[in-house]
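Engineer: My structure is in data.cif, and what it holds is mmCIF, C-alpha atoms:
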```cif
data_query
loop_
_atom_site.label_atom_id
_atom_site.label_comp_id
_atom_site.auth_asym_id
_atom_site.auth_seq_id
_atom_site.Cartn_x
_atom_site.Cartn_y
_atom_site.Cartn_z
CA MET A 1 26.40 -14.94 -18.18
CA THR A 2 27.26 -12.55 -20.97
CA LEU A 3 23.77 -11.10 -20.80
CA ASN A 4 24.09 -10.62 -17.04
CA THR A 5 27.44 -8.90 -17.43
CA THR A 6 26.02 -6.64 -20.13
CA ALA A 7 23.05 -5.77 -17.92
CA GLU A 8 25.36 -5.02 -15.01
CA THR A 9 27.54 -2.83 -17.16
CA GLU A 10 24.50 -0.98 -18.44
CA THR A 11 23.09 -0.30 -14.97
CA ALA A 12 26.51 0.63 -13.61
CA LYS A 13 26.91 3.07 -16.49
CA ILE A 14 23.53 4.60 -15.69
CA ALA A 15 24.42 4.86 -12.00
CA ARG A 16 27.70 6.61 -12.79
CA GLY A 17 26.01 8.94 -15.27
CA LEU A 18 23.34 9.88 -12.75
CA ARG A 19 25.94 10.55 -10.06
CA GLU A 20 27.82 12.82 -12.46
CA ARG A 21 24.59 14.35 -13.82
CA ASP A 22 25.66 13.43 -17.32
CA ARG A 23 23.40 15.38 -19.68
CA GLU A 24 23.75 12.98 -22.58
CA LEU A 25 22.86 9.99 -20.47
CA LEU A 26 19.85 11.79 -19.05
CA ALA A 27 18.66 12.76 -22.51
CA ASP A 28 19.08 9.16 -23.62
CA LEU A 29 17.12 7.86 -20.62
CA VAL A 30 14.32 10.36 -21.27
CA GLU A 31 14.16 9.29 -24.90
CA ARG A 32 13.96 5.62 -23.93
CA CYS A 33 11.69 5.78 -20.91
CA GLN A 34 9.43 8.83 -21.26
CA PRO A 35 6.58 7.14 -23.21
CA ARG A 36 6.59 4.19 -20.80
CA LEU A 37 6.73 6.47 -17.80
CA VAL A 38 3.73 8.46 -19.06
CA ARG A 39 1.88 5.20 -19.73
CA TYR A 40 2.60 3.96 -16.20
CA LEU A 41 1.39 7.23 -14.69
CA LEU A 42 -1.73 7.07 -16.85
CA TYR A 43 -2.49 3.62 -15.49
CA LEU A 44 -1.89 4.90 -11.99
CA THR A 45 -3.83 8.15 -12.12
CA GLY A 46 -6.24 7.55 -15.02
CA ARG A 47 -5.68 11.16 -16.15
CA ARG A 48 -3.48 12.24 -19.03
CA GLU A 49 -2.80 15.75 -17.75
CA TYR A 50 -1.60 14.39 -14.40
CA ALA A 51 0.56 11.82 -16.14
CA GLU A 52 2.46 14.33 -18.26
CA ASP A 53 3.08 16.69 -15.33
CA LEU A 54 4.12 13.91 -13.01
CA ALA A 55 6.48 12.49 -15.62
CA GLN A 56 8.31 15.82 -15.71
CA GLU A 57 8.48 15.92 -11.92
CA THR A 58 9.80 12.37 -11.90
CA TRP A 59 12.72 13.26 -14.18
CA ILE A 60 13.63 16.25 -12.04
CA ARG A 61 13.61 13.94 -9.01
CA VAL A 62 15.82 11.48 -10.89
CA LEU A 63 18.28 14.30 -11.55
CA GLN A 64 18.24 15.44 -7.92
CA ARG A 65 18.47 11.98 -6.37
CA GLY A 66 20.42 10.20 -9.06
CA SER A 67 23.21 9.37 -6.62
CA GLN A 68 20.78 7.12 -4.73
CA TYR A 69 20.51 4.72 -7.66
CA ASN A 70 23.09 2.04 -6.88
CA GLY A 71 23.20 0.35 -10.28
CA ARG A 72 22.67 -3.10 -8.79
CA GLN A 73 19.06 -3.37 -9.97
CA ARG A 74 17.48 -2.39 -13.25
CA PHE A 75 16.80 1.29 -13.76
CA ASP A 76 13.12 0.95 -14.75
CA PRO A 77 11.74 -0.30 -11.41
CA TRP A 78 13.66 2.45 -9.62
CA LEU A 79 12.20 5.05 -12.00
CA PHE A 80 8.66 3.70 -11.58
CA ALA A 81 9.02 3.67 -7.79
CA ILE A 82 9.94 7.37 -7.84
CA ALA A 83 7.01 8.12 -10.15
CA ARG A 84 4.65 6.18 -7.90
CA ASN A 85 5.69 8.05 -4.76
CA LEU A 86 5.32 11.37 -6.54
CA ALA A 87 1.89 10.40 -7.87
CA ILE A 88 0.71 9.45 -4.39
CA ASP A 89 2.01 12.70 -2.89
CA TYR A 90 0.44 14.69 -5.72
CA LEU A 91 -2.95 13.03 -5.38
CA ARG A 92 -2.78 13.40 -1.60
CA LYS A 93 -2.20 17.15 -1.97
CA LYS A 94 -5.02 17.47 -4.48
CA ARG A 95 -7.39 15.60 -2.21
CA LYS A 96 -6.36 17.63 0.79
CA ALA A 97 -7.16 20.79 -1.13
CA VAL A 98 -10.73 19.74 -1.88
CA GLN A 99 -11.74 17.95 1.29
CA THR A 100 -11.45 18.72 4.93
CA ALA A 101 -11.91 15.16 6.22
CA SER A 102 -8.75 13.38 7.30
CA LEU A 103 -6.92 11.42 4.63
CA PRO A 104 -6.16 7.71 5.01
CA ASP A 105 -2.79 6.77 6.51
CA ASP A 106 -2.21 4.01 3.97
CA ARG A 107 -0.45 5.64 1.02
CA ASP A 108 -1.95 3.17 -1.47
CA GLU A 109 -5.48 4.19 -0.50
CA ILE A 110 -4.83 7.63 -1.96
CA LEU A 111 -4.77 5.98 -5.37
CA LEU A 112 -8.27 4.63 -4.93
CA VAL A 113 -9.94 7.89 -5.87
CA SER A 114 -12.20 7.37 -8.83
CA SER A 115 -10.92 9.34 -11.78
CA THR A 116 -13.28 11.49 -13.78
CA GLY A 117 -13.04 12.88 -17.29
CA PRO A 118 -12.43 11.14 -20.61
CA SER A 119 -10.93 7.67 -20.45
CA PRO A 120 -7.35 7.60 -21.74
CA PHE A 121 -7.70 3.86 -22.30
CA GLU A 122 -10.33 4.09 -25.02
CA ALA A 123 -8.14 6.42 -27.03
CA ALA A 124 -5.18 4.07 -26.66
CA ALA A 125 -6.98 0.84 -27.57
CA ARG A 126 -5.59 -0.55 -30.82
CA SER A 127 -7.70 -3.70 -31.28
CA GLU A 128 -11.24 -4.85 -30.73
CA ASP A 129 -10.22 -6.76 -27.61
CA ALA A 130 -8.41 -3.72 -26.26
CA ILE A 131 -11.51 -1.60 -26.86
CA ARG A 132 -13.55 -4.10 -24.82
CA LEU A 133 -10.97 -3.97 -22.06
CA ALA A 134 -10.78 -0.17 -22.03
CA GLY A 135 -14.07 0.28 -20.21
CA GLN A 136 -13.12 -2.28 -17.59
CA LEU A 137 -9.70 -0.71 -17.15
CA GLN A 138 -11.22 2.70 -16.49
CA ILE A 139 -13.28 1.40 -13.57
CA LEU A 140 -10.68 -1.06 -12.32
CA SER A 141 -8.84 -0.14 -9.12
CA PRO A 142 -5.58 1.69 -10.00
CA LEU A 143 -3.77 -0.73 -7.70
CA TYR A 144 -4.76 -3.66 -9.92
CA ARG A 145 -4.25 -1.65 -13.08
CA GLU A 146 -0.68 -0.78 -12.24
CA ALA A 147 0.17 -4.35 -11.24
CA LEU A 148 -1.20 -5.61 -14.58
CA LEU A 149 0.71 -2.99 -16.53
CA LEU A 150 4.00 -3.67 -14.80
CA ARG A 151 3.65 -7.42 -15.35
CA PHE A 152 2.24 -7.65 -18.86
CA GLN A 153 3.36 -4.47 -20.58
CA GLU A 154 6.60 -3.64 -18.82
CA ASP A 155 7.42 -7.32 -18.34
CA LEU A 156 8.85 -6.70 -14.89
CA SER A 157 9.44 -9.73 -12.70
CA LEU A 158 7.31 -10.16 -9.59
CA PRO A 159 10.14 -9.11 -7.22
CA GLU A 160 10.73 -6.02 -9.37
CA ILE A 161 7.05 -5.10 -9.19
CA ALA A 162 7.18 -5.64 -5.43
CA GLN A 163 10.10 -3.19 -5.33
CA VAL A 164 8.11 -0.56 -7.26
CA LEU A 165 5.02 -1.02 -5.11
CA GLY A 166 6.90 -1.35 -1.85
CA ALA A 167 4.74 -4.38 -1.12
CA PRO A 168 5.37 -8.11 -0.64
CA VAL A 169 5.37 -10.40 -3.70
CA THR A 170 2.24 -12.13 -2.38
CA THR A 171 0.37 -8.80 -2.50
CA VAL A 172 1.60 -8.24 -6.03
CA THR A 173 0.42 -11.65 -7.27
CA SER A 174 -2.90 -11.23 -5.54
CA ARG A 175 -3.44 -7.85 -7.24
CA ILE A 176 -2.53 -9.32 -10.64
CA TYR A 177 -4.93 -12.27 -10.21
CA ARG A 178 -7.77 -10.02 -9.09
CA GLY A 179 -7.13 -7.56 -11.88
CA LEU A 180 -7.09 -10.35 -14.45
CA ALA A 181 -10.32 -11.76 -13.04
CA ALA A 182 -12.02 -8.37 -13.35
CA LEU A 183 -10.81 -7.83 -16.91
CA ARG A 184 -11.65 -11.36 -18.02
CA SER A 185 -15.27 -10.56 -17.42
CA ALA A 186 -15.13 -8.20 -20.42
CA PHE A 187 -14.90 -11.28 -22.64
CA GLU A 188 -17.25 -13.55 -20.78
CA GLU A 189 -20.63 -13.98 -22.40
CA GLY A 190 -22.99 -11.44 -20.89
CA GLY A 191 -20.18 -10.58 -18.48
CA ASP A 192 -20.39 -6.97 -17.50
CA SER A 193 -19.37 -7.30 -13.91
CA PRO A 194 -18.28 -4.10 -12.20
CA GLY A 195 -14.65 -3.27 -11.61
CA VAL A 196 -13.01 -4.12 -8.34
CA MET B 1 -19.00 -29.98 -6.15
CA ILE B 2 -16.08 -32.12 -7.27
CA ARG B 3 -16.15 -30.21 -10.56
CA LEU B 4 -15.92 -26.86 -8.73
CA GLU B 5 -12.98 -28.02 -6.61
CA CYS B 6 -11.26 -29.27 -9.73
CA ASP B 7 -11.84 -25.95 -11.46
CA LYS B 8 -10.61 -23.91 -8.52
CA LYS B 9 -7.43 -25.93 -8.19
CA PHE B 10 -6.66 -25.85 -11.90
CA ARG B 11 -7.67 -22.27 -12.38
CA GLU B 12 -5.20 -21.24 -9.74
CA LEU B 13 -2.61 -23.26 -11.60
CA ILE B 14 -3.62 -21.63 -14.91
CA ASP B 15 -3.31 -18.17 -13.37
CA ARG B 16 0.12 -19.09 -12.01
CA CYS B 17 1.21 -20.33 -15.44
CA PHE B 18 0.36 -16.93 -16.94
CA VAL B 19 1.75 -14.78 -14.16
CA GLU B 20 4.61 -16.62 -12.49
CA GLU B 21 7.42 -18.97 -13.33
CA VAL B 22 6.09 -22.50 -12.91
CA SER B 23 7.84 -25.83 -13.18
CA ALA B 24 7.66 -27.85 -16.39
CA GLU B 25 5.76 -30.46 -14.43
CA ASP B 26 3.06 -27.97 -13.42
CA ARG B 27 2.82 -26.72 -16.97
CA ARG B 28 2.40 -30.26 -18.26
CA LEU B 29 -0.23 -30.90 -15.61
CA MET B 30 -2.18 -27.88 -16.81
CA HIS B 31 -1.96 -28.91 -20.47
CA ASP B 32 -3.04 -32.45 -19.65
CA HIS B 33 -6.00 -31.10 -17.73
CA ILE B 34 -7.24 -28.59 -20.29
CA SER B 35 -7.10 -31.16 -23.06
CA GLY B 36 -9.95 -32.93 -21.29
CA CYS B 37 -11.75 -30.04 -19.60
CA ASN B 38 -13.63 -27.60 -21.80
CA SER B 39 -14.41 -25.22 -18.98
CA CYS B 40 -10.73 -24.79 -18.05
CA LYS B 41 -9.78 -24.63 -21.72
CA ARG B 42 -12.14 -21.68 -22.10
CA TYR B 43 -10.61 -20.13 -19.00
CA VAL B 44 -7.13 -20.39 -20.54
CA GLU B 45 -8.39 -18.81 -23.77
CA LEU B 46 -10.03 -15.91 -21.94
CA THR B 47 -6.99 -15.29 -19.79
CA GLY B 48 -4.69 -15.34 -22.82
CA ARG B 49 -7.02 -13.03 -24.68
CA THR B 50 -7.12 -10.61 -21.75
CA ILE B 51 -3.35 -10.48 -21.52
CA ARG B 52 -2.98 -10.03 -25.29
CA GLY B 53 -5.63 -7.29 -25.13
CA LEU B 54 -3.66 -5.53 -22.41
CA ARG B 55 -0.64 -5.43 -24.71
CA GLU B 56 -2.69 -3.81 -27.44
CA PHE B 57 -2.86 -0.37 -25.89
CA THR B 58 -0.59 2.20 -27.46
CA PHE B 59 -0.16 5.36 -25.49
CA THR B 60 1.52 8.21 -27.25
CA SER B 61 2.90 10.98 -25.12
CA GLU B 62 2.67 14.56 -26.34
CA PRO B 63 4.89 14.98 -29.41
CA ASP B 64 7.23 17.46 -27.78
CA SER B 65 7.01 15.84 -24.35
CA SER B 66 10.49 14.26 -24.40
CA ALA B 67 12.08 17.37 -25.88
CA GLN B 68 10.41 19.49 -23.21
CA VAL B 69 11.66 17.20 -20.44
CA ARG B 70 15.19 17.22 -21.88
CA GLU B 71 15.12 21.02 -21.94
CA ILE B 72 13.90 21.22 -18.34
CA LEU B 73 16.56 18.75 -17.24
CA ALA B 74 19.30 20.67 -19.05
CA HIS B 75 18.19 23.84 -17.26
CA HIS B 76 18.09 22.08 -13.88
CA THR B 77 21.48 20.46 -14.46
CA GLU B 78 23.01 23.85 -15.21
CA THR B 79 21.36 25.43 -12.13
CA MET B 80 22.56 22.59 -9.93
CA ARG B 81 26.06 22.78 -11.39
CA GLN B 82 26.22 26.52 -10.69
CA HIS B 83 24.91 25.97 -7.19
CA ASN B 84 27.53 23.30 -6.66
CA VAL B 85 30.32 25.61 -7.87
CA GLN B 86 29.06 28.38 -5.55
CA SER B 87 29.11 26.04 -2.58
CA LYS B 88 32.65 24.95 -3.40
CA ILE B 89 33.78 28.56 -3.70
CA TRP B 90 32.36 29.45 -0.29
CA ALA B 91 33.91 26.35 1.24
CA ALA B 92 37.30 27.21 -0.31
CA PHE B 93 36.97 30.79 0.93
CA ALA B 94 36.21 29.61 4.45
CA VAL B 95 39.24 27.31 4.43
CA ALA B 96 41.52 30.01 2.95
CA LEU B 97 40.32 32.56 5.49
CA SER B 98 40.89 30.30 8.47
CA MET B 99 44.30 29.31 7.12
CA SER B 100 45.12 32.98 6.69
CA PHE B 101 44.41 33.73 10.36
CA VAL B 102 45.91 30.55 11.77
CA GLY B 103 48.97 30.95 9.56
CA SER B 104 49.35 34.58 10.61
CA ALA B 105 49.21 33.64 14.28
CA LEU B 106 51.91 30.99 13.80
CA VAL B 107 54.12 33.32 11.73
CA TYR B 108 53.71 36.04 14.36
CA GLN B 109 54.85 33.69 17.11
CA LEU B 110 57.88 32.60 15.05
CA VAL B 111 58.88 36.13 14.00
CA LYS B 112 58.47 37.36 17.58
CA ARG B 113 61.19 34.89 18.68
CA LEU B 114 63.46 35.79 15.81
CA ALA B 115 62.92 39.49 16.43
CA VAL B 116 64.71 39.46 19.82
CA PRO B 117 68.23 38.74 18.51
CA MET B 118 67.56 41.07 15.55
CA HIS B 119 66.52 43.92 17.90
CA PHE B 120 63.03 44.52 16.37
CA ASP B 121 60.38 45.76 18.77
CA THR B 122 56.86 44.27 19.03
CA ALA B 123 55.17 47.01 16.99
CA GLN B 124 57.57 46.44 14.11
CA VAL B 125 56.96 42.67 14.20
CA GLN B 126 53.19 43.21 14.26
CA ALA B 127 53.34 45.65 11.36
CA GLY B 128 55.59 43.26 9.38
CA VAL B 129 53.30 40.27 9.88
CA LEU B 130 50.27 42.38 9.05
CA VAL B 131 51.72 43.85 5.85
CA PHE B 132 53.70 40.88 4.56
CA TRP B 133 51.55 37.94 5.74
CA LEU B 134 48.05 38.63 7.02
CA LEU B 135 46.96 41.14 4.37
CA PRO B 136 48.31 39.20 1.34
CA SER B 137 46.80 35.91 2.55
CA PHE B 138 43.48 37.62 3.35
CA CYS B 139 43.43 39.20 -0.12
CA SER B 140 44.19 35.80 -1.70
CA ALA B 141 41.17 34.37 0.09
CA LEU B 142 39.02 37.27 -1.14
CA CYS B 143 40.26 36.66 -4.70
CA LEU B 144 38.44 33.31 -4.62
CA LEU B 145 35.16 35.15 -4.34
CA ALA B 146 36.02 37.79 -6.89
CA ALA B 147 37.40 35.46 -9.61
CA ARG B 148 35.36 35.13 -12.79
CA GLY B 149 34.40 32.29 -15.11
CA GLU B 150 35.71 28.73 -15.09
CA ASN B 151 38.69 29.57 -12.81
CA ARG B 152 36.39 30.79 -10.07
CA GLY B 153 37.01 29.01 -6.84
CA ILE B 154 40.35 27.57 -7.90
CA ALA B 155 43.06 28.77 -5.56
#
```
Take the structure from the file and write it as structure tokens.
Structural biologist:
Amino acid sequence: MTLNTTAETETAKIARGLRERDRELLADLVERCQPRLVRYLLYLTGRREYAEDLAQETWIRVLQRGSQYNGRQRFDPWLFAIARNLAIDYLRKKRKAVQTASLPDDRDEILLVSSTGPSPFEAAARSEDAIRLAGQLQILSPLYREALLLRFQEDLSLPEIAQVLGAPVTTVTSRIYRGLAALRSAFEEGGDSPGV
Amino acid sequence: MIRLECDKKFRELIDRCFVEEVSAEDRRLMHDHISGCNSCKRYVELTGRTIRGLREFTFTSEPDSSAQVREILAHHTETMRQHNVQSKIWAAFAVALSMSFVGSALVYQLVKRLAVPMHFDTAQVQAGVLVFWLLPSFCSALCLLAARGENRGIA
């Protein structure tokens, strides 16, 4: 009960600060969330340079639309949802610029573009197991990657992930299971199955 | 075949145990099963290892990334604050201007009635309202736009 009240107070404080465009609160939020935001965008786009730029854009959007945060839910899922929408719009624009064919209507499909360039996952791997997973993560669908990150690194609940993704909880669980199945193959003997 | 069905059922349960909130009964069921099933035990180990592996990625953002974002936000906050003040000033000016004209019209009507017993003609009343009411109130409204600094926009 005390924990709930504390959490409510914290989110209400953030909501008020965002409405008033409180500089100190914003600086504090940036300090707390920036590394996690960049990590989330890395998982989503697979490119470090996109992630850093999009993180900046996300904070500007938070400043502009801060009054829309109602303080009833946690701040992190709201922040990630903004970042996700921006990433999709950004990738859509980039794709539009290089191809003349019509783009898919489904926003999530925009994320399914294979990323090129050096893998940010290999550089971030801090254990032997992580190194083995890095290769699989690079070829794994970003949709599964982001679901895995939000569940196991951000420790968001399934409904919170659903809120970020704008998808039903069943879709979220299915993406997590499929992602886990693909990554598990990195540890299976002789398992070098392709990403999903 | 029976083995496969058993595996499928329990592997779904194992996945659920790692990903979702499951009842104590389901958790016990899984533990009971893996104690006697090597294949599912291995599955649990691999899944646990995968999840632990996922937590062993450390991404560092650019060293000055947060500072840069804070700077950009401070700049945007200031720009938005200035924009907000400008909008308020123009709104206040519009209100003051309309009040100046509406007020002048009302004062003119009132003074016109009072002017009859006091033997003022219409031109005198018009000049009086213009000099002593319309012009001062119009200038006050203009002052809102001309004011400087923090007091700008405050009537």
Engineer: Run the PyMOL selection byres ((chain A and resi 123) around 12) on the file and write out the hits as a list in words.
Structural biologist: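 Checking the PyMOL selection byres ((chain A and resi 123) around 12) against this file, the residues are Arg48, Pro118, Ser119, Pro120, Phe121, Glu122, Ala124, Ala125, Arg126, Ser127, Ala130, Ile131, Leu133, Ala134, Gly135 and Gln138 of chain A; Glu56, Phe57, Thr58, Phe59 and Thr60 of chain B.
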Engineer: Got a sec to pull out which chain A residues are within 8 Å of chain B, counting only C-alpha atoms, and send them as a PyMOL selection string?
Structural biologist: chain A and resi 21+23+26-27+30-31+34-35+38-39+52+56+59-60+63+121+124-127+129-130+133+149+151-153+158+173+176-177+180+183-184+187-188
Engineer: Can you list what the PyMOL selection byres ((chain B and resi 39) around 12) grabs from this structure, as a PyMOL selection string?
Structural biologist: chain B and resi 3-4+6-8+10-11+33-38+40-46
Engineer: For CA of Val172 in chain A and CA of Pro142 in chain A, quote the distance in Å rounded to one decimal.
Structural biologist: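 Between these atoms lies a distance of 12.9 Å.
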Engineer: If we count all atoms listed in the file, what is near Arg16 in chain A at a cut-off of 12 Å, once residues fewer than 3 positions away on the same chain are taken out, given as a VMD selection string?
Structural biologist: chain A and resid 9 to 13 19 to 23 25 to 26 66 to 72
Engineer: In Å to one decimal, how far is CA of Val107 in chain B from CA of His119 in chain B?
Structural biologist: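 Those two atoms sit 17.4 Å apart.
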Engineer: Please, what distance in Å, to one decimal, runs between CA of Ala123 in chain B and CA of Leu106 in chain B?
Structural biologist: 16.7 Å
Engineer: Convert the output of the PyMOL selection byres ((chain A and resi 45) around 10) on the shown file into explicit residues, formatted as a list in words.
Structural biologist: Arg39, Tyr40, Leu41, Leu42, Tyr43, Leu44, Gly46, Arg47, Arg48, Glu49, Tyr50, Ala51, Leu54, Arg84, Ala87, Ile88, Leu91, Leu111, Leu112, Val113, Ser114, Ser115, Pro142, Leu143, Arg145 and Glu146 of chain A
Engineer: Atoms to include: C-alpha atoms. Write the selected residues as an mmCIF file, in the coordinates of the input.
Structural biologist:
```
data_model
loop_
_atom_site.group_PDB
_atom_site.id
_atom_site.type_symbol
_atom_site.label_atom_id
_atom_site.label_comp_id
_atom_site.auth_asym_id
_atom_site.auth_seq_id
_atom_site.Cartn_x
_atom_site.Cartn_y
_atom_site.Cartn_z
ATOM 1 C CA ARG A 39 1.880 5.200 -19.730
ATOM 2 C CA TYR A 40 2.600 3.960 -16.200
ATOM 3 C CA LEU A 41 1.390 7.230 -14.690
ATOM 4 C CA LEU A 42 -1.730 7.070 -16.850
ATOM 5 C CA TYR A 43 -2.490 3.620 -15.490
ATOM 6 C CA LEU A 44 -1.890 4.900 -11.990
ATOM 7 C CA GLY A 46 -6.240 7.550 -15.020
ATOM 8 C CA ARG A 47 -5.680 11.160 -16.150
ATOM 9 C CA ARG A 48 -3.480 12.240 -19.030
ATOM 10 C CA GLU A 49 -2.800 15.750 -17.750
ATOM 11 C CA TYR A 50 -1.600 14.390 -14.400
ATOM 12 C CA ALA A 51 0.560 11.820 -16.140
ATOM 13 C CA LEU A 54 4.120 13.910 -13.010
ATOM 14 C CA ARG A 84 4.650 6.180 -7.900
ATOM 15 C CA ALA A 87 1.890 10.400 -7.870
ATOM 16 C CA ILE A 88 0.710 9.450 -4.390
ATOM 17 C CA LEU A 91 -2.950 13.030 -5.380
ATOM 18 C CA LEU A 111 -4.770 5.980 -5.370
ATOM 19 C CA LEU A 112 -8.270 4.630 -4.930
ATOM 20 C CA VAL A 113 -9.940 7.890 -5.870
ATOM 21 C CA SER A 114 -12.200 7.370 -8.830
ATOM 22 C CA SER A 115 -10.920 9.340 -11.780
ATOM 23 C CA PRO A 142 -5.580 1.690 -10.000
ATOM 24 C CA LEU A 143 -3.770 -0.730 -7.700
ATOM 25 C CA ARG A 145 -4.250 -1.650 -13.080
ATOM 26 C CA GLU A 146 -0.680 -0.780 -12.240
#
```
Engineer: Fewer than 6 positions away in the same chain doesn't count, so skip those; otherwise give me all residues within 6 Å of range 97-105 of chain B, counting only C-alpha atoms, as a PyMOL selection string.
Structural biologist: chain B and resi 134+137-138+141
Engineer: Find, counting only C-alpha atoms, the residue in A:Ala182, A:Leu18, A:Val62, A:Leu150 that gets nearest to Trp78 in chain A.
Structural biologist: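 Between A:Ala182, A:Leu18, A:Val62, A:Leu150, the residue approaching Trp78 in chain A most closely is A:Val62.
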Engineer: Once you've located range 145-171 of chain A in the structure I gave, write it as a PDB file, in the first residue's frame, keeping C-alpha atoms.
Structural biologist:
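So the final result, stored in part16.pdb, reads:
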```pdb
ATOM      1  CA  ARG A 145      13.858  -8.046 -29.756  1.00  0.00           C
ATOM      2  CA  GLU A 146      11.947  -5.152 -28.289  1.00  0.00           C
ATOM      3  CA  ALA A 147       9.451  -7.432 -26.533  1.00  0.00           C
ATOM      4  CA  LEU A 148      12.341  -9.360 -24.937  1.00  0.00           C
ATOM      5  CA  LEU A 149      14.081  -6.175 -23.864  1.00  0.00           C
ATOM      6  CA  LEU A 150      10.980  -4.657 -22.318  1.00  0.00           C
ATOM      7  CA  ARG A 151      10.230  -7.850 -20.397  1.00  0.00           C
ATOM      8  CA  PHE A 152      13.652  -9.000 -19.243  1.00  0.00           C
ATOM      9  CA  GLN A 153      15.740  -5.852 -19.088  1.00  0.00           C
ATOM     10  CA  GLU A 154      13.195  -3.162 -18.344  1.00  0.00           C
ATOM     11  CA  ASP A 155      11.104  -5.562 -16.260  1.00  0.00           C
ATOM     12  CA  LEU A 156       7.859  -4.100 -17.559  1.00  0.00           C
ATOM     13  CA  SER A 157       4.697  -6.074 -16.916  1.00  0.00           C
ATOM     14  CA  LEU A 158       2.895  -7.626 -19.869  1.00  0.00           C
ATOM     15  CA  PRO A 159       0.097  -4.993 -19.843  1.00  0.00           C
ATOM     16  CA  GLU A 160       2.743  -2.247 -19.757  1.00  0.00           C
ATOM     17  CA  ILE A 161       4.515  -3.770 -22.754  1.00  0.00           C
ATOM     18  CA  ALA A 162       1.163  -4.003 -24.517  1.00  0.00           C
ATOM     19  CA  GLN A 163       0.706  -0.282 -23.847  1.00  0.00           C
ATOM     20  CA  VAL A 164       4.113   0.532 -25.367  1.00  0.00           C
ATOM     21  CA  LEU A 165       3.515  -1.654 -28.407  1.00  0.00           C
ATOM     22  CA  GLY A 166      -0.115  -0.671 -28.836  1.00  0.00           C
ATOM     23  CA  ALA A 167      -0.883  -4.372 -29.190  1.00  0.00           C
ATOM     24  CA  PRO A 168      -2.908  -6.924 -27.204  1.00  0.00           C
ATOM     25  CA  VAL A 169      -1.212  -8.822 -24.358  1.00  0.00           C
ATOM     26  CA  THR A 170      -1.581 -12.065 -26.334  1.00  0.00           C
ATOM     27  CA  THR A 171       0.535 -10.577 -29.135  1.00  0.00           C
TER      28      THR A 171
END
```
